[in-house]
Amino acid sequence: MPFNPVDRDRVVLSVSDAAEVLLKDWPTPASKTRLAAIAACLAVIRGEKPPRVARKAFIVAAKDARILLGEQI
């Protein structure tokens, strides 16, 4: 789903969805937190880390980019 500035909210449902957002739809330039989140997502997709690692890294990157609306479990 391409980023649309009119559609401000995007729900991320999986690690692969998070990776797609980080790679294609991230609204800010590359940052250390974004790159760390991408690496975490790839590690989970490869089976090297548990999903909670990607979730935590994605949240940190989203907070850094000031796009996190809220946390749901």
# chains A, B, ... in the order shown; residues from 1 in each chain; ligands from 1
>>> residues_around(residues="region 28-30 of chain A", least_positions_apart="3", cutoff="8 Å", atoms="only C-alpha atoms", output="number ranges by chain")
A: 34-35, 65
>>> write_last_selection(atoms="N, CA, C and O atoms", output="short mmCIF file (atom, residue, chain, number, x, y, z; two decimals), in the first residue's frame")
data_model
loop_
_atom_site.label_atom_id
_atom_site.label_comp_id
_atom_site.auth_asym_id
_atom_site.auth_seq_id
_atom_site.Cartn_x
_atom_site.Cartn_y
_atom_site.Cartn_z
N ARG A 34 15.86 3.99 11.71
CA ARG A 34 15.19 3.34 10.57
C ARG A 34 16.03 2.18 10.06
O ARG A 34 15.49 1.08 9.80
N LEU A 35 17.33 2.38 9.89
CA LEU A 35 18.20 1.30 9.41
C LEU A 35 18.23 0.13 10.39
O LEU A 35 18.24 -1.03 9.98
N ALA A 65 10.84 9.20 14.06
CA ALA A 65 10.30 9.91 12.89
C ALA A 65 9.04 10.71 13.24
O ALA A 65 8.49 11.39 12.39
#
>>> residues_around(residues="Ile38 (chain A)", least_positions_apart="2", cutoff="12 Å", atoms="only C-alpha atoms", output="compact mmCIF listing (two decimals) with N, CA, C and O atoms, in the first residue's frame")
# COMPACT_ATOMS: atom_id res chain seq x y z
N VAL A 15 5.53 -8.35 10.48
CA VAL A 15 6.92 -7.96 10.27
C VAL A 15 7.16 -7.61 8.80
O VAL A 15 7.83 -6.63 8.49
N SER A 16 6.58 -8.38 7.90
CA SER A 16 6.77 -8.07 6.48
C SER A 16 6.10 -6.75 6.12
O SER A 16 6.63 -5.99 5.30
N ASP A 17 4.99 -6.43 6.74
CA ASP A 17 4.33 -5.14 6.53
C ASP A 17 5.21 -4.02 7.06
O ASP A 17 5.38 -2.98 6.42
N ALA A 18 5.79 -4.22 8.23
CA ALA A 18 6.69 -3.22 8.81
C ALA A 18 7.90 -2.99 7.90
O ALA A 18 8.29 -1.84 7.66
N ALA A 19 8.46 -4.07 7.38
CA ALA A 19 9.60 -3.95 6.47
C ALA A 19 9.22 -3.17 5.22
O ALA A 19 9.98 -2.31 4.76
N GLU A 20 8.04 -3.43 4.68
CA GLU A 20 7.59 -2.71 3.48
C GLU A 20 7.44 -1.22 3.78
O GLU A 20 7.86 -0.38 2.98
N VAL A 21 6.86 -0.89 4.91
CA VAL A 21 6.70 0.52 5.29
C VAL A 21 8.07 1.18 5.42
O VAL A 21 8.30 2.27 4.90
N LEU A 22 8.98 0.50 6.11
CA LEU A 22 10.33 1.05 6.31
C LEU A 22 11.07 1.25 5.00
O LEU A 22 11.79 2.23 4.83
N LEU A 23 10.90 0.33 4.06
CA LEU A 23 11.63 0.39 2.80
C LEU A 23 10.98 1.30 1.76
O LEU A 23 11.69 1.97 1.01
N LYS A 24 9.65 1.33 1.72
CA LYS A 24 8.97 2.03 0.63
C LYS A 24 8.22 3.28 1.04
O LYS A 24 8.09 4.20 0.24
N TRP A 26 8.40 5.11 4.18
CA TRP A 26 8.84 5.89 5.34
C TRP A 26 8.88 7.37 4.98
O TRP A 26 9.46 7.74 3.96
N ALA A 30 16.67 8.45 5.62
CA ALA A 30 17.31 7.38 6.38
C ALA A 30 17.89 7.92 7.68
O ALA A 30 18.44 9.00 7.74
N SER A 31 17.70 7.14 8.73
CA SER A 31 18.26 7.47 10.03
C SER A 31 18.80 6.17 10.64
O SER A 31 18.51 5.08 10.15
N LYS A 32 19.55 6.30 11.70
CA LYS A 32 20.09 5.10 12.37
C LYS A 32 18.97 4.22 12.89
O LYS A 32 19.04 3.00 12.79
N THR A 33 17.90 4.84 13.42
CA THR A 33 16.80 4.03 13.95
C THR A 33 16.04 3.32 12.83
O THR A 33 15.62 2.18 13.00
N ARG A 34 15.86 3.99 11.71
CA ARG A 34 15.19 3.34 10.57
C ARG A 34 16.03 2.18 10.06
O ARG A 34 15.49 1.08 9.80
N LEU A 35 17.33 2.38 9.89
CA LEU A 35 18.20 1.30 9.41
C LEU A 35 18.23 0.13 10.39
O LEU A 35 18.24 -1.03 9.98
N ALA A 36 18.22 0.43 11.68
CA ALA A 36 18.19 -0.64 12.69
C ALA A 36 16.88 -1.41 12.62
O ALA A 36 16.86 -2.64 12.78
N ALA A 40 16.39 -5.33 11.83
CA ALA A 40 15.64 -6.18 12.76
C ALA A 40 14.55 -6.95 12.02
O ALA A 40 14.36 -8.15 12.25
N CYS A 41 13.84 -6.28 11.13
CA CYS A 41 12.80 -6.96 10.34
C CYS A 41 13.41 -8.08 9.49
O CYS A 41 12.86 -9.19 9.44
N LEU A 42 14.52 -7.81 8.86
CA LEU A 42 15.17 -8.84 8.04
C LEU A 42 15.63 -10.03 8.88
O LEU A 42 15.50 -11.18 8.46
N ALA A 43 16.13 -9.75 10.08
CA ALA A 43 16.56 -10.84 10.97
C ALA A 43 15.38 -11.72 11.38
O ALA A 43 15.50 -12.94 11.46
N VAL A 44 14.23 -11.10 11.60
CA VAL A 44 13.04 -11.87 11.95
C VAL A 44 12.56 -12.68 10.75
O VAL A 44 12.24 -13.86 10.88
N ILE A 45 12.52 -12.06 9.59
CA ILE A 45 12.09 -12.76 8.38
C ILE A 45 12.98 -13.96 8.09
O ILE A 45 12.51 -15.02 7.67
N VAL A 53 11.54 -8.39 18.52
CA VAL A 53 12.72 -7.58 18.22
C VAL A 53 12.39 -6.57 17.12
O VAL A 53 12.74 -5.38 17.23
N ALA A 54 11.71 -7.02 16.08
CA ALA A 54 11.33 -6.12 15.00
C ALA A 54 10.30 -5.10 15.48
O ALA A 54 10.37 -3.92 15.12
N ARG A 55 9.36 -5.55 16.28
CA ARG A 55 8.33 -4.64 16.80
C ARG A 55 8.96 -3.51 17.60
O ARG A 55 8.65 -2.33 17.40
N LYS A 56 9.86 -3.87 18.49
CA LYS A 56 10.52 -2.86 19.32
C LYS A 56 11.31 -1.88 18.46
O LYS A 56 11.22 -0.66 18.65
N ALA A 57 12.07 -2.39 17.50
CA ALA A 57 12.88 -1.53 16.64
C ALA A 57 12.00 -0.63 15.78
O ALA A 57 12.31 0.54 15.56
N PHE A 58 10.87 -1.17 15.29
CA PHE A 58 9.95 -0.38 14.48
C PHE A 58 9.36 0.76 15.31
O PHE A 58 9.27 1.90 14.84
N ILE A 59 8.97 0.48 16.54
CA ILE A 59 8.40 1.50 17.42
C ILE A 59 9.42 2.60 17.69
O ILE A 59 9.09 3.79 17.64
N VAL A 60 10.66 2.23 17.96
CA VAL A 60 11.72 3.22 18.20
C VAL A 60 11.88 4.11 16.97
O VAL A 60 11.96 5.34 17.07
N ALA A 61 11.92 3.50 15.79
CA ALA A 61 12.08 4.27 14.55
C ALA A 61 10.87 5.17 14.30
O ALA A 61 11.03 6.32 13.87
N ALA A 62 9.69 4.67 14.55
CA ALA A 62 8.48 5.47 14.34
C ALA A 62 8.42 6.64 15.32
O ALA A 62 8.01 7.75 14.94
>>> select_by_dssp(residues="chain A", states="helix (DSSP H, G or I)", output="ChimeraX atom specification")
/A:15-25,32-45,51-64
>>> write_last_selection(atoms="N, CA, C and O atoms", output="compact mmCIF listing (two decimals), in the first residue's frame")
# COMPACT_ATOMS: atom_id res chain seq x y z
N VAL A 15 5.53 -8.35 10.48
CA VAL A 15 6.92 -7.96 10.27
C VAL A 15 7.16 -7.61 8.80
O VAL A 15 7.83 -6.63 8.49
N SER A 16 6.58 -8.38 7.90
CA SER A 16 6.77 -8.07 6.48
C SER A 16 6.10 -6.75 6.12
O SER A 16 6.63 -5.99 5.30
N ASP A 17 4.99 -6.43 6.74
CA ASP A 17 4.33 -5.14 6.53
C ASP A 17 5.21 -4.02 7.06
O ASP A 17 5.38 -2.98 6.42
N ALA A 18 5.79 -4.22 8.23
CA ALA A 18 6.69 -3.22 8.81
C ALA A 18 7.90 -2.99 7.90
O ALA A 18 8.29 -1.84 7.66
N ALA A 19 8.46 -4.07 7.38
CA ALA A 19 9.60 -3.95 6.47
C ALA A 19 9.22 -3.17 5.22
O ALA A 19 9.98 -2.31 4.76
N GLU A 20 8.04 -3.43 4.68
CA GLU A 20 7.59 -2.71 3.48
C GLU A 20 7.44 -1.22 3.78
O GLU A 20 7.86 -0.38 2.98
N VAL A 21 6.86 -0.89 4.91
CA VAL A 21 6.70 0.52 5.29
C VAL A 21 8.07 1.18 5.42
O VAL A 21 8.30 2.27 4.90
N LEU A 22 8.98 0.50 6.11
CA LEU A 22 10.33 1.05 6.31
C LEU A 22 11.07 1.25 5.00
O LEU A 22 11.79 2.23 4.83
N LEU A 23 10.90 0.33 4.06
CA LEU A 23 11.63 0.39 2.80
C LEU A 23 10.98 1.30 1.76
O LEU A 23 11.69 1.97 1.01
N LYS A 24 9.65 1.33 1.72
CA LYS A 24 8.97 2.03 0.63
C LYS A 24 8.22 3.28 1.04
O LYS A 24 8.09 4.20 0.24
N ASP A 25 7.68 3.30 2.23
CA ASP A 25 6.73 4.35 2.59
C ASP A 25 7.17 5.24 3.74
O ASP A 25 6.35 6.00 4.25
N LYS A 32 19.55 6.30 11.70
CA LYS A 32 20.09 5.10 12.37
C LYS A 32 18.97 4.22 12.89
O LYS A 32 19.04 3.00 12.79
N THR A 33 17.90 4.84 13.42
CA THR A 33 16.80 4.03 13.95
C THR A 33 16.04 3.32 12.83
O THR A 33 15.62 2.18 13.00
N ARG A 34 15.86 3.99 11.71
CA ARG A 34 15.19 3.34 10.57
C ARG A 34 16.03 2.18 10.06
O ARG A 34 15.49 1.08 9.80
N LEU A 35 17.33 2.38 9.89
CA LEU A 35 18.20 1.30 9.41
C LEU A 35 18.23 0.13 10.39
O LEU A 35 18.24 -1.03 9.98
N ALA A 36 18.22 0.43 11.68
CA ALA A 36 18.19 -0.64 12.69
C ALA A 36 16.88 -1.41 12.62
O ALA A 36 16.86 -2.64 12.78
N ALA A 37 15.78 -0.72 12.38
CA ALA A 37 14.48 -1.38 12.26
C ALA A 37 14.44 -2.28 11.02
O ALA A 37 13.89 -3.38 11.06
N ILE A 38 15.00 -1.80 9.92
CA ILE A 38 15.07 -2.62 8.71
C ILE A 38 15.88 -3.89 8.98
O ILE A 38 15.46 -4.99 8.63
N ALA A 39 17.02 -3.73 9.63
CA ALA A 39 17.86 -4.88 9.95
C ALA A 39 17.14 -5.86 10.87
O ALA A 39 17.22 -7.08 10.70
N ALA A 40 16.39 -5.33 11.83
CA ALA A 40 15.64 -6.18 12.76
C ALA A 40 14.55 -6.95 12.02
O ALA A 40 14.36 -8.15 12.25
N CYS A 41 13.84 -6.28 11.13
CA CYS A 41 12.80 -6.96 10.34
C CYS A 41 13.41 -8.08 9.49
O CYS A 41 12.86 -9.19 9.44
N LEU A 42 14.52 -7.81 8.86
CA LEU A 42 15.17 -8.84 8.04
C LEU A 42 15.63 -10.03 8.88
O LEU A 42 15.50 -11.18 8.46
N ALA A 43 16.13 -9.75 10.08
CA ALA A 43 16.56 -10.84 10.97
C ALA A 43 15.38 -11.72 11.38
O ALA A 43 15.50 -12.94 11.46
N VAL A 44 14.23 -11.10 11.60
CA VAL A 44 13.04 -11.87 11.95
C VAL A 44 12.56 -12.68 10.75
O VAL A 44 12.24 -13.86 10.88
N ILE A 45 12.52 -12.06 9.59
CA ILE A 45 12.09 -12.76 8.38
C ILE A 45 12.98 -13.96 8.09
O ILE A 45 12.51 -15.02 7.67
N PRO A 51 9.85 -12.10 16.64
CA PRO A 51 9.13 -10.92 16.14
C PRO A 51 9.17 -9.71 17.08
O PRO A 51 9.15 -8.57 16.62
N ARG A 52 9.24 -9.93 18.37
CA ARG A 52 9.25 -8.79 19.31
C ARG A 52 10.45 -7.86 19.06
O ARG A 52 10.38 -6.66 19.34
N VAL A 53 11.54 -8.39 18.52
CA VAL A 53 12.72 -7.58 18.22
C VAL A 53 12.39 -6.57 17.12
O VAL A 53 12.74 -5.38 17.23
N ALA A 54 11.71 -7.02 16.08
CA ALA A 54 11.33 -6.12 15.00
C ALA A 54 10.30 -5.10 15.48
O ALA A 54 10.37 -3.92 15.12
N ARG A 55 9.36 -5.55 16.28
CA ARG A 55 8.33 -4.64 16.80
C ARG A 55 8.96 -3.51 17.60
O ARG A 55 8.65 -2.33 17.40
N LYS A 56 9.86 -3.87 18.49
CA LYS A 56 10.52 -2.86 19.32
C LYS A 56 11.31 -1.88 18.46
O LYS A 56 11.22 -0.66 18.65
N ALA A 57 12.07 -2.39 17.50
CA ALA A 57 12.88 -1.53 16.64
C ALA A 57 12.00 -0.63 15.78
O ALA A 57 12.31 0.54 15.56
N PHE A 58 10.87 -1.17 15.29
CA PHE A 58 9.95 -0.38 14.48
C PHE A 58 9.36 0.76 15.31
O PHE A 58 9.27 1.90 14.84
N ILE A 59 8.97 0.48 16.54
CA ILE A 59 8.40 1.50 17.42
C ILE A 59 9.42 2.60 17.69
O ILE A 59 9.09 3.79 17.64
N VAL A 60 10.66 2.23 17.96
CA VAL A 60 11.72 3.22 18.20
C VAL A 60 11.88 4.11 16.97
O VAL A 60 11.96 5.34 17.07
N ALA A 61 11.92 3.50 15.79
CA ALA A 61 12.08 4.27 14.55
C ALA A 61 10.87 5.17 14.30
O ALA A 61 11.03 6.32 13.87
N ALA A 62 9.69 4.67 14.55
CA ALA A 62 8.48 5.47 14.34
C ALA A 62 8.42 6.64 15.32
O ALA A 62 8.01 7.75 14.94
N LYS A 63 8.83 6.42 16.55
CA LYS A 63 8.89 7.53 17.51
C LYS A 63 9.92 8.56 17.06
O LYS A 63 9.67 9.76 17.13
N ASP A 64 11.06 8.08 16.60
CA ASP A 64 12.12 8.97 16.12
C ASP A 64 11.64 9.82 14.94
O ASP A 64 11.96 11.00 14.85
